[in-house]
Amino acid sequence: MGIIDTHAHLYCEDFSTDLPDVITRAVNASVDKIFLPNIDETSINQMLSLCAEYPGLFYPMIGLHPTDLATDYKEVLDRMEQLLEQENDFIGVGEVGLDYYWDKTFYKEQQEAFERQINWSLKYGLPLMIHTRSAHKELIDILKPYKSKGVRGVFHCFGGSEAEAKELLTFEGFMLGINGIITFKKSPIPEILRKTVPLYRLVTETDAPYLAPTPMRGKRNESAYITYTITKLSEIYGLSVGQITEQTRKNAMTIFSKATE
Ligand code: NI
């Protein structure tokens, strides 16, 4: 039983020249499932063809990333929802959420798009892959009314405070997505995990090509580097690499129940 990378964008341009090598390295590093959150309309075909080429390794999601929202977002979401209405292989709705770090132009629109996609998650019985940056309060405000409705998923790329971790964990159907940032020298996240986050509430991810862990920091990230994150988790929780792999895999499969076979 191998490692699951619950969040990677291996279909994107950064991997166009050496993807087979990237995949070989991932498999050699014991990664045996890689979940692919979508970004926008232009990424769907590449993502789906990658999944068709490597069945049982790659699993697609559908959704509109909050930083890729434009004035036509309603039509884009209409077309994405048509894909959900047809027979499909999507294992989740993602990546969706709120990002007010760089740009608040679509402040309200981001919230509307997010809420619509939360409703897809419930309607189609798929977990959410949620991205939030500089928007913790807005996230909680939008998600709270859905708490009792069985909403589930991953708070991807957890990088918040201890209080924020505690608040996120009150959403019982959710895991925190943990990636290479826990290996960064001054990261406060390891201490927050140790104090606040039980191992059964987290999943591992890379967010490749972004956020490469130490000692690859600054380089293009890829799924094989998830082993640095697993090793760091084994230090944090005082368990073996095998135990971390097994538990985080179980957590990921609890959320992404469609990613079997
Ligand atoms: Ni992402």
# chains A, B, ... in the order shown; residues from 1 in each chain; ligands from 1
call {"tool": "select_by_dssp", "arguments": {"residues": "segment 2-249 of chain A", "states": "helix (DSSP H, G or I)", "output": "MDAnalysis selection string"}}
result
chainID A and resid 13:15 19:28 41:53 66:68 73:85 107:124 136:149 162:169 180:183 189:196 199:201 223:237 241:249
call {"tool": "write_last_selection", "arguments": {"atoms": "C-alpha atoms", "output": "compact mmCIF listing (two decimals), in the first residue's frame"}}
result
# COMPACT_ATOMS: atom_id res chain seq x y z
CA GLU A 13 2.75 22.91 -18.85
CA ASP A 14 5.65 22.57 -16.39
CA PHE A 15 5.66 18.79 -16.96
CA LEU A 19 6.17 13.69 -17.57
CA PRO A 20 6.99 9.97 -18.06
CA ASP A 21 10.15 10.45 -15.93
CA VAL A 22 8.16 12.34 -13.31
CA ILE A 23 5.69 9.45 -13.15
CA THR A 24 8.45 6.83 -12.94
CA ARG A 25 10.07 8.69 -10.04
CA ALA A 26 6.72 8.95 -8.25
CA VAL A 27 6.05 5.23 -8.61
CA ASN A 28 9.61 4.41 -7.49
CA GLU A 41 -11.74 25.16 -18.56
CA THR A 42 -8.48 24.95 -20.49
CA SER A 43 -6.96 22.33 -18.19
CA ILE A 44 -9.81 19.79 -18.35
CA ASN A 45 -8.81 17.93 -21.52
CA GLN A 46 -5.16 17.52 -20.57
CA MET A 47 -6.17 16.32 -17.12
CA LEU A 48 -8.65 13.79 -18.47
CA SER A 49 -6.27 12.43 -21.11
CA LEU A 50 -3.61 11.90 -18.45
CA CYS A 51 -6.15 9.94 -16.38
CA ALA A 52 -7.11 7.87 -19.43
CA GLU A 53 -3.46 7.08 -20.16
CA PRO A 66 -10.72 30.92 -7.37
CA THR A 67 -7.75 32.76 -8.92
CA ASP A 68 -8.88 31.76 -12.43
CA TYR A 73 -17.47 32.47 -14.66
CA LYS A 74 -21.18 31.64 -14.62
CA GLU A 75 -21.07 30.20 -18.13
CA VAL A 76 -17.85 28.34 -17.29
CA LEU A 77 -19.55 26.81 -14.26
CA ASP A 78 -22.60 25.92 -16.37
CA ARG A 79 -20.38 23.99 -18.77
CA MET A 80 -18.51 22.28 -15.94
CA GLU A 81 -21.78 21.23 -14.38
CA GLN A 82 -22.83 19.64 -17.67
CA LEU A 83 -19.78 17.39 -17.34
CA LEU A 84 -20.96 16.37 -13.89
CA GLU A 85 -24.41 15.60 -15.28
CA TYR A 107 -14.51 39.35 -4.14
CA LYS A 108 -18.24 38.63 -4.29
CA GLU A 109 -18.05 36.50 -7.44
CA GLN A 110 -15.51 34.18 -5.83
CA GLN A 111 -17.96 33.60 -3.00
CA GLU A 112 -20.84 32.92 -5.38
CA ALA A 113 -18.77 30.50 -7.43
CA PHE A 114 -17.58 28.74 -4.29
CA GLU A 115 -21.07 28.36 -2.90
CA ARG A 116 -22.38 26.99 -6.19
CA GLN A 117 -19.59 24.40 -6.20
CA ILE A 118 -20.28 23.45 -2.57
CA ASN A 119 -23.77 22.63 -3.76
CA TRP A 120 -22.36 20.42 -6.54
CA SER A 121 -20.44 18.56 -3.88
CA LEU A 122 -23.67 17.78 -2.06
CA LYS A 123 -25.77 17.15 -5.18
CA TYR A 124 -23.27 14.78 -6.80
CA HIS A 136 -10.21 32.17 6.52
CA LYS A 137 -13.14 34.13 7.94
CA GLU A 138 -15.00 34.24 4.63
CA LEU A 139 -14.45 30.50 4.21
CA ILE A 140 -15.95 29.71 7.59
CA ASP A 141 -18.90 32.06 7.01
CA ILE A 142 -19.77 30.38 3.71
CA LEU A 143 -19.18 26.80 4.79
CA LYS A 144 -20.87 26.93 8.20
CA PRO A 145 -24.48 26.60 6.96
CA TYR A 146 -23.44 23.37 5.20
CA LYS A 147 -21.84 21.83 8.27
CA SER A 148 -24.86 19.74 9.21
CA LYS A 149 -25.59 18.73 5.61
CA GLU A 162 -3.49 27.04 15.77
CA ALA A 163 -6.88 28.71 16.28
CA GLU A 164 -7.64 28.35 12.58
CA ALA A 165 -6.68 24.67 12.64
CA LYS A 166 -9.05 24.11 15.56
CA GLU A 167 -11.86 25.89 13.75
CA LEU A 168 -11.31 23.90 10.54
CA LEU A 169 -11.31 20.63 12.49
CA GLY A 180 6.12 20.50 1.73
CA ILE A 181 5.70 23.71 3.71
CA ILE A 182 6.04 21.66 6.92
CA THR A 183 9.67 21.00 5.92
CA ILE A 189 3.04 24.23 11.15
CA PRO A 190 4.87 21.21 12.68
CA GLU A 191 4.22 22.54 16.18
CA ILE A 192 0.57 23.26 15.38
CA LEU A 193 0.14 19.73 14.00
CA ARG A 194 1.76 18.18 17.05
CA LYS A 195 -0.42 20.14 19.47
CA THR A 196 -3.72 20.35 17.63
CA LEU A 199 -3.05 12.11 12.54
CA TYR A 200 -6.44 10.77 11.47
CA ARG A 201 -7.43 14.29 10.36
CA SER A 223 4.90 13.79 -6.62
CA ALA A 224 8.07 11.83 -5.68
CA TYR A 225 9.06 14.65 -3.30
CA ILE A 226 6.07 13.81 -1.10
CA THR A 227 8.44 11.45 0.74
CA TYR A 228 10.09 14.49 2.39
CA THR A 229 6.71 15.48 3.79
CA ILE A 230 6.01 11.92 4.97
CA THR A 231 9.42 11.77 6.70
CA LYS A 232 8.74 15.09 8.44
CA LEU A 233 5.33 13.81 9.57
CA SER A 234 6.98 10.73 11.03
CA GLU A 235 9.22 13.03 13.12
CA ILE A 236 6.29 15.19 14.19
CA TYR A 237 4.05 12.29 15.27
CA VAL A 241 7.14 6.23 7.77
CA GLY A 242 5.07 3.10 7.15
CA GLN A 243 2.56 4.03 9.86
CA ILE A 244 2.23 7.58 8.50
CA THR A 245 1.75 6.26 4.96
CA GLU A 246 -0.89 3.78 6.05
CA GLN A 247 -2.92 6.22 8.16
CA THR A 248 -2.82 9.12 5.68
CA ARG A 249 -3.81 6.74 2.89
call {"tool": "residues_near_ligand", "arguments": {"ligand": "ligand 1", "cutoff": "9 Å", "atoms": "only C-alpha atoms and all ligand atoms", "output": "tab-separated table (two decimals) with N, CA and C atoms, in the first residue's frame"}}
result
chain	number	residue	atom	x	y	z
A	7	HIS	N	-3.07	15.97	-4.09
A	7	HIS	CA	-3.22	17.26	-4.78
A	7	HIS	C	-1.98	17.56	-5.62
A	8	ALA	N	-2.09	17.34	-6.93
A	8	ALA	CA	-0.97	17.65	-7.83
A	8	ALA	C	-1.53	18.07	-9.18
A	9	HIS	N	-0.81	18.98	-9.82
A	9	HIS	CA	-1.26	19.46	-11.14
A	9	HIS	C	-0.29	18.97	-12.21
A	36	LEU	N	-5.86	14.70	-9.11
A	36	LEU	CA	-5.62	15.90	-9.91
A	36	LEU	C	-6.78	16.90	-9.80
A	37	PRO	N	-6.62	17.96	-9.01
A	37	PRO	CA	-7.65	19.00	-9.00
A	37	PRO	C	-7.56	19.81	-10.29
A	38	ASN	N	-8.71	20.19	-10.81
A	38	ASN	CA	-8.73	20.99	-12.02
A	38	ASN	C	-8.42	22.46	-11.71
A	39	ILE	N	-8.10	23.24	-12.75
A	39	ILE	CA	-7.85	24.68	-12.56
A	39	ILE	C	-8.92	25.52	-13.24
A	65	HIS	N	-10.86	27.07	-10.18
A	65	HIS	CA	-9.96	27.63	-9.16
A	65	HIS	C	-10.28	29.11	-8.93
A	94	GLY	N	-13.06	20.28	-7.32
A	94	GLY	CA	-11.89	21.07	-6.96
A	94	GLY	C	-11.08	21.47	-8.19
A	95	GLU	N	-10.15	22.48	-8.10
A	95	GLU	CA	-10.08	23.03	-6.78
A	95	GLU	C	-10.88	24.31	-6.71
A	129	MET	N	-12.28	19.88	-2.75
A	129	MET	CA	-10.86	20.20	-2.56
A	129	MET	C	-10.79	21.71	-2.47
A	130	ILE	N	-10.62	22.20	-1.23
A	130	ILE	CA	-10.77	23.65	-0.99
A	130	ILE	C	-9.43	24.36	-0.85
A	131	HIS	N	-9.28	25.42	-1.64
A	131	HIS	CA	-8.13	26.31	-1.59
A	131	HIS	C	-8.58	27.60	-0.92
A	156	HIS	N	-7.12	22.14	1.61
A	156	HIS	CA	-5.83	21.92	0.97
A	156	HIS	C	-4.81	22.96	1.44
A	157	CYS	N	-3.55	22.52	1.52
A	157	CYS	CA	-2.42	23.42	1.83
A	157	CYS	C	-2.62	24.18	3.14
A	206	THR	N	1.26	17.25	-2.60
A	206	THR	CA	2.44	18.02	-3.01
A	206	THR	C	2.08	19.43	-3.47
A	207	ASP	N	0.94	19.59	-4.14
A	207	ASP	CA	0.61	20.82	-4.87
A	207	ASP	C	1.61	21.06	-6.01
A	208	ALA	N	2.21	19.98	-6.51
A	208	ALA	CA	3.14	20.10	-7.64
A	208	ALA	C	2.45	20.80	-8.81
A	209	PRO	N	3.14	21.71	-9.49
A	209	PRO	CA	4.58	22.03	-9.47
A	209	PRO	C	5.02	23.02	-8.40
A	210	TYR	N	4.11	23.40	-7.49
A	210	TYR	CA	4.44	24.43	-6.50
A	210	TYR	C	4.91	23.81	-5.18
call {"tool": "select_by_dssp", "arguments": {"residues": "segment 11-251 of chain A", "states": "strand (DSSP E or B)", "output": "MDAnalysis selection string"}}
result
chainID A and resid 31:36 58:60 62 93:99 128:133 153:155 174:178 202:204 208
call {"tool": "write_last_selection", "arguments": {"atoms": "N, CA and C atoms", "output": "tab-separated table (two decimals), in the first residue's frame"}}
result
chain	number	residue	atom	x	y	z
A	31	VAL	N	4.61	6.14	-4.52
A	31	VAL	CA	3.34	6.85	-4.71
A	31	VAL	C	2.50	6.01	-5.67
A	32	ASP	N	1.29	5.63	-5.25
A	32	ASP	CA	0.50	4.79	-6.17
A	32	ASP	C	-0.86	5.37	-6.54
A	33	LYS	N	-1.20	6.53	-6.00
A	33	LYS	CA	-2.39	7.25	-6.47
A	33	LYS	C	-2.08	8.74	-6.42
A	34	ILE	N	-2.49	9.44	-7.49
A	34	ILE	CA	-2.28	10.89	-7.56
A	34	ILE	C	-3.60	11.54	-7.97
A	35	PHE	N	-4.11	12.40	-7.11
A	35	PHE	CA	-5.38	13.06	-7.40
A	35	PHE	C	-5.11	14.41	-8.06
A	36	LEU	N	-5.86	14.70	-9.11
A	36	LEU	CA	-5.62	15.90	-9.91
A	36	LEU	C	-6.78	16.90	-9.80
A	58	PHE	N	-3.90	8.06	-11.85
A	58	PHE	CA	-4.42	9.42	-11.78
A	58	PHE	C	-5.94	9.44	-11.68
A	59	TYR	N	-6.45	10.37	-10.88
A	59	TYR	CA	-7.89	10.52	-10.70
A	59	TYR	C	-8.25	12.01	-10.80
A	60	PRO	N	-9.21	12.36	-11.65
A	60	PRO	CA	-9.52	13.78	-11.89
A	60	PRO	C	-10.58	14.36	-10.96
A	62	ILE	N	-13.25	18.07	-10.78
A	62	ILE	CA	-13.74	19.16	-11.63
A	62	ILE	C	-14.10	20.35	-10.76
A	93	VAL	N	-14.82	17.69	-6.24
A	93	VAL	CA	-15.06	19.02	-6.79
A	93	VAL	C	-13.89	19.89	-6.35
A	94	GLY	N	-13.06	20.28	-7.32
A	94	GLY	CA	-11.89	21.07	-6.96
A	94	GLY	C	-11.08	21.47	-8.19
A	95	GLU	N	-10.15	22.48	-8.10
A	95	GLU	CA	-10.08	23.03	-6.78
A	95	GLU	C	-10.88	24.31	-6.71
A	96	VAL	N	-11.56	24.48	-5.59
A	96	VAL	CA	-12.50	25.58	-5.43
A	96	VAL	C	-12.15	26.33	-4.15
A	97	GLY	N	-12.75	27.49	-3.95
A	97	GLY	CA	-12.49	28.20	-2.70
A	97	GLY	C	-12.39	29.69	-2.89
A	98	LEU	N	-11.55	30.30	-2.06
A	98	LEU	CA	-11.43	31.76	-2.01
A	98	LEU	C	-9.97	32.15	-1.91
A	99	ASP	N	-9.57	33.16	-2.68
A	99	ASP	CA	-8.19	33.63	-2.62
A	99	ASP	C	-8.18	35.14	-2.74
A	128	LEU	N	-15.08	18.02	-1.53
A	128	LEU	CA	-14.51	19.29	-1.99
A	128	LEU	C	-13.00	19.32	-1.79
A	129	MET	N	-12.28	19.88	-2.75
A	129	MET	CA	-10.86	20.20	-2.56
A	129	MET	C	-10.79	21.71	-2.47
A	130	ILE	N	-10.62	22.20	-1.23
A	130	ILE	CA	-10.77	23.65	-0.99
A	130	ILE	C	-9.43	24.36	-0.85
A	131	HIS	N	-9.28	25.42	-1.64
A	131	HIS	CA	-8.13	26.31	-1.59
A	131	HIS	C	-8.58	27.60	-0.92
A	132	THR	N	-7.89	28.03	0.13
A	132	THR	CA	-8.16	29.36	0.68
A	132	THR	C	-6.86	30.06	0.98
A	133	ARG	N	-6.83	31.32	0.63
A	133	ARG	CA	-5.67	32.13	0.97
A	133	ARG	C	-6.17	33.52	1.36
A	153	GLY	N	-14.55	16.91	2.62
A	153	GLY	CA	-13.48	17.27	1.70
A	153	GLY	C	-12.16	17.51	2.39
A	154	VAL	N	-11.32	18.32	1.71
A	154	VAL	CA	-9.98	18.62	2.20
A	154	VAL	C	-9.78	20.13	2.21
A	155	PHE	N	-9.26	20.65	3.33
A	155	PHE	CA	-8.75	22.02	3.35
A	155	PHE	C	-7.29	21.90	2.90
A	174	PHE	N	-14.01	16.84	7.15
A	174	PHE	CA	-12.84	17.39	6.45
A	174	PHE	C	-11.51	16.96	7.05
A	175	MET	N	-10.52	16.88	6.15
A	175	MET	CA	-9.12	16.66	6.54
A	175	MET	C	-8.33	17.92	6.19
A	176	LEU	N	-7.19	18.10	6.84
A	176	LEU	CA	-6.26	19.14	6.44
A	176	LEU	C	-5.26	18.55	5.45
A	177	GLY	N	-5.03	19.25	4.35
A	177	GLY	CA	-4.04	18.83	3.35
A	177	GLY	C	-2.67	19.37	3.74
A	178	ILE	N	-1.72	18.45	3.96
A	178	ILE	CA	-0.39	18.84	4.46
A	178	ILE	C	0.65	18.58	3.37
A	202	LEU	N	-5.58	14.27	8.74
A	202	LEU	CA	-4.80	14.92	7.68
A	202	LEU	C	-4.52	13.99	6.52
A	203	VAL	N	-4.33	14.61	5.35
A	203	VAL	CA	-3.91	13.88	4.15
A	203	VAL	C	-2.65	14.53	3.60
A	204	THR	N	-1.88	13.78	2.84
A	204	THR	CA	-0.64	14.30	2.28
A	204	THR	C	-0.86	14.73	0.82
A	208	ALA	N	2.21	19.98	-6.51
A	208	ALA	CA	3.14	20.10	-7.64
A	208	ALA	C	2.45	20.80	-8.81
call {"tool": "atom_distance", "arguments": {"atom1": "atom CA of Arg220 of chain A", "atom2": "atom CA of Gly159 of chain A"}}
result
19.8 Å
call {"tool": "atom_distance", "arguments": {"atom1": "atom CA of Thr214 of chain A", "atom2": "atom CA of Gly2 of chain A"}}
result
21.6 Å
call {"tool": "decode", "arguments": {"residues": "segment 225-254 of chain A", "atoms": "N, CA and C atoms", "output": "mmCIF file, in the first residue's frame"}}
result
data_model
loop_
_atom_site.group_PDB
_atom_site.id
_atom_site.type_symbol
_atom_site.label_atom_id
_atom_site.label_comp_id
_atom_site.auth_asym_id
_atom_site.auth_seq_id
_atom_site.Cartn_x
_atom_site.Cartn_y
_atom_site.Cartn_z
ATOM 1 N N TYR A 225 8.538 13.879 -4.439
ATOM 2 C CA TYR A 225 9.055 14.647 -3.296
ATOM 3 C C TYR A 225 8.127 14.578 -2.084
ATOM 4 N N ILE A 226 6.985 13.954 -2.231
ATOM 5 C CA ILE A 226 6.067 13.814 -1.098
ATOM 6 C C ILE A 226 6.735 13.025 0.035
ATOM 7 N N THR A 227 7.754 12.236 -0.292
ATOM 8 C CA THR A 227 8.441 11.448 0.738
ATOM 9 C C THR A 227 9.094 12.352 1.800
ATOM 10 N N TYR A 228 9.521 13.561 1.397
ATOM 11 C CA TYR A 228 10.095 14.488 2.389
ATOM 12 C C TYR A 228 9.035 14.920 3.406
ATOM 13 N N THR A 229 7.825 15.091 2.908
ATOM 14 C CA THR A 229 6.709 15.481 3.794
ATOM 15 C C THR A 229 6.334 14.316 4.719
ATOM 16 N N ILE A 230 6.327 13.109 4.163
ATOM 17 C CA ILE A 230 6.013 11.917 4.973
ATOM 18 C C ILE A 230 7.075 11.735 6.076
ATOM 19 N N THR A 231 8.341 11.907 5.714
ATOM 20 C CA THR A 231 9.423 11.771 6.700
ATOM 21 C C THR A 231 9.263 12.802 7.815
ATOM 22 N N LYS A 232 8.938 14.030 7.436
ATOM 23 C CA LYS A 232 8.737 15.086 8.437
ATOM 24 C C LYS A 232 7.542 14.749 9.345
ATOM 25 N N LEU A 233 6.486 14.207 8.748
ATOM 26 C CA LEU A 233 5.327 13.814 9.566
ATOM 27 C C LEU A 233 5.702 12.705 10.546
ATOM 28 N N SER A 234 6.589 11.816 10.120
ATOM 29 C CA SER A 234 6.983 10.731 11.033
ATOM 30 C C SER A 234 7.763 11.287 12.221
ATOM 31 N N GLU A 235 8.550 12.353 11.998
ATOM 32 C CA GLU A 235 9.224 13.033 13.123
ATOM 33 C C GLU A 235 8.203 13.711 14.033
ATOM 34 N N ILE A 236 7.264 14.416 13.413
ATOM 35 C CA ILE A 236 6.286 15.191 14.188
ATOM 36 C C ILE A 236 5.441 14.275 15.089
ATOM 37 N N TYR A 237 4.980 13.142 14.519
ATOM 38 C CA TYR A 237 4.053 12.286 15.266
ATOM 39 C C TYR A 237 4.758 11.122 15.984
ATOM 40 N N GLY A 238 6.081 11.018 15.782
ATOM 41 C CA GLY A 238 6.820 9.948 16.454
ATOM 42 C C GLY A 238 6.394 8.561 16.010
ATOM 43 N N LEU A 239 6.083 8.412 14.731
ATOM 44 C CA LEU A 239 5.665 7.121 14.178
ATOM 45 C C LEU A 239 6.547 6.786 12.986
ATOM 46 N N SER A 240 6.499 5.540 12.556
ATOM 47 C CA SER A 240 7.325 5.161 11.411
ATOM 48 C C SER A 240 6.734 5.727 10.119
ATOM 49 N N VAL A 241 7.578 5.792 9.099
ATOM 50 C CA VAL A 241 7.137 6.228 7.773
ATOM 51 C C VAL A 241 5.994 5.333 7.279
ATOM 52 N N GLY A 242 6.110 4.045 7.555
ATOM 53 C CA GLY A 242 5.068 3.103 7.151
ATOM 54 C C GLY A 242 3.730 3.395 7.833
ATOM 55 N N GLN A 243 3.798 3.709 9.116
ATOM 56 C CA GLN A 243 2.563 4.028 9.857
ATOM 57 C C GLN A 243 1.921 5.317 9.338
ATOM 58 N N ILE A 244 2.749 6.314 9.044
ATOM 59 C CA ILE A 244 2.231 7.584 8.500
ATOM 60 C C ILE A 244 1.585 7.330 7.138
ATOM 61 N N THR A 245 2.276 6.556 6.306
ATOM 62 C CA THR A 245 1.755 6.262 4.962
ATOM 63 C C THR A 245 0.405 5.566 5.056
ATOM 64 N N GLU A 246 0.330 4.578 5.936
ATOM 65 C CA GLU A 246 -0.887 3.782 6.050
ATOM 66 C C GLU A 246 -2.065 4.631 6.548
ATOM 67 N N GLN A 247 -1.821 5.425 7.595
ATOM 68 C CA GLN A 247 -2.924 6.216 8.158
ATOM 69 C C GLN A 247 -3.377 7.314 7.204
ATOM 70 N N THR A 248 -2.426 8.019 6.575
ATOM 71 C CA THR A 248 -2.822 9.121 5.684
ATOM 72 C C THR A 248 -3.515 8.576 4.436
ATOM 73 N N ARG A 249 -3.131 7.382 4.022
ATOM 74 C CA ARG A 249 -3.807 6.741 2.895
ATOM 75 C C ARG A 249 -5.262 6.421 3.258
ATOM 76 N N LYS A 250 -5.421 5.864 4.436
ATOM 77 C CA LYS A 250 -6.768 5.543 4.921
ATOM 78 C C LYS A 250 -7.628 6.813 4.979
ATOM 79 N N ASN A 251 -7.037 7.895 5.481
ATOM 80 C CA ASN A 251 -7.755 9.168 5.563
ATOM 81 C C ASN A 251 -8.188 9.642 4.174
ATOM 82 N N ALA A 252 -7.250 9.576 3.230
ATOM 83 C CA ALA A 252 -7.540 10.048 1.866
ATOM 84 C C ALA A 252 -8.660 9.232 1.230
ATOM 85 N N MET A 253 -8.641 7.919 1.454
ATOM 86 C CA MET A 253 -9.659 7.058 0.843
ATOM 87 C C MET A 253 -11.027 7.212 1.519
ATOM 88 N N THR A 254 -11.019 7.621 2.794
ATOM 89 C CA THR A 254 -12.283 7.907 3.472
ATOM 90 C C THR A 254 -12.977 9.094 2.785
#
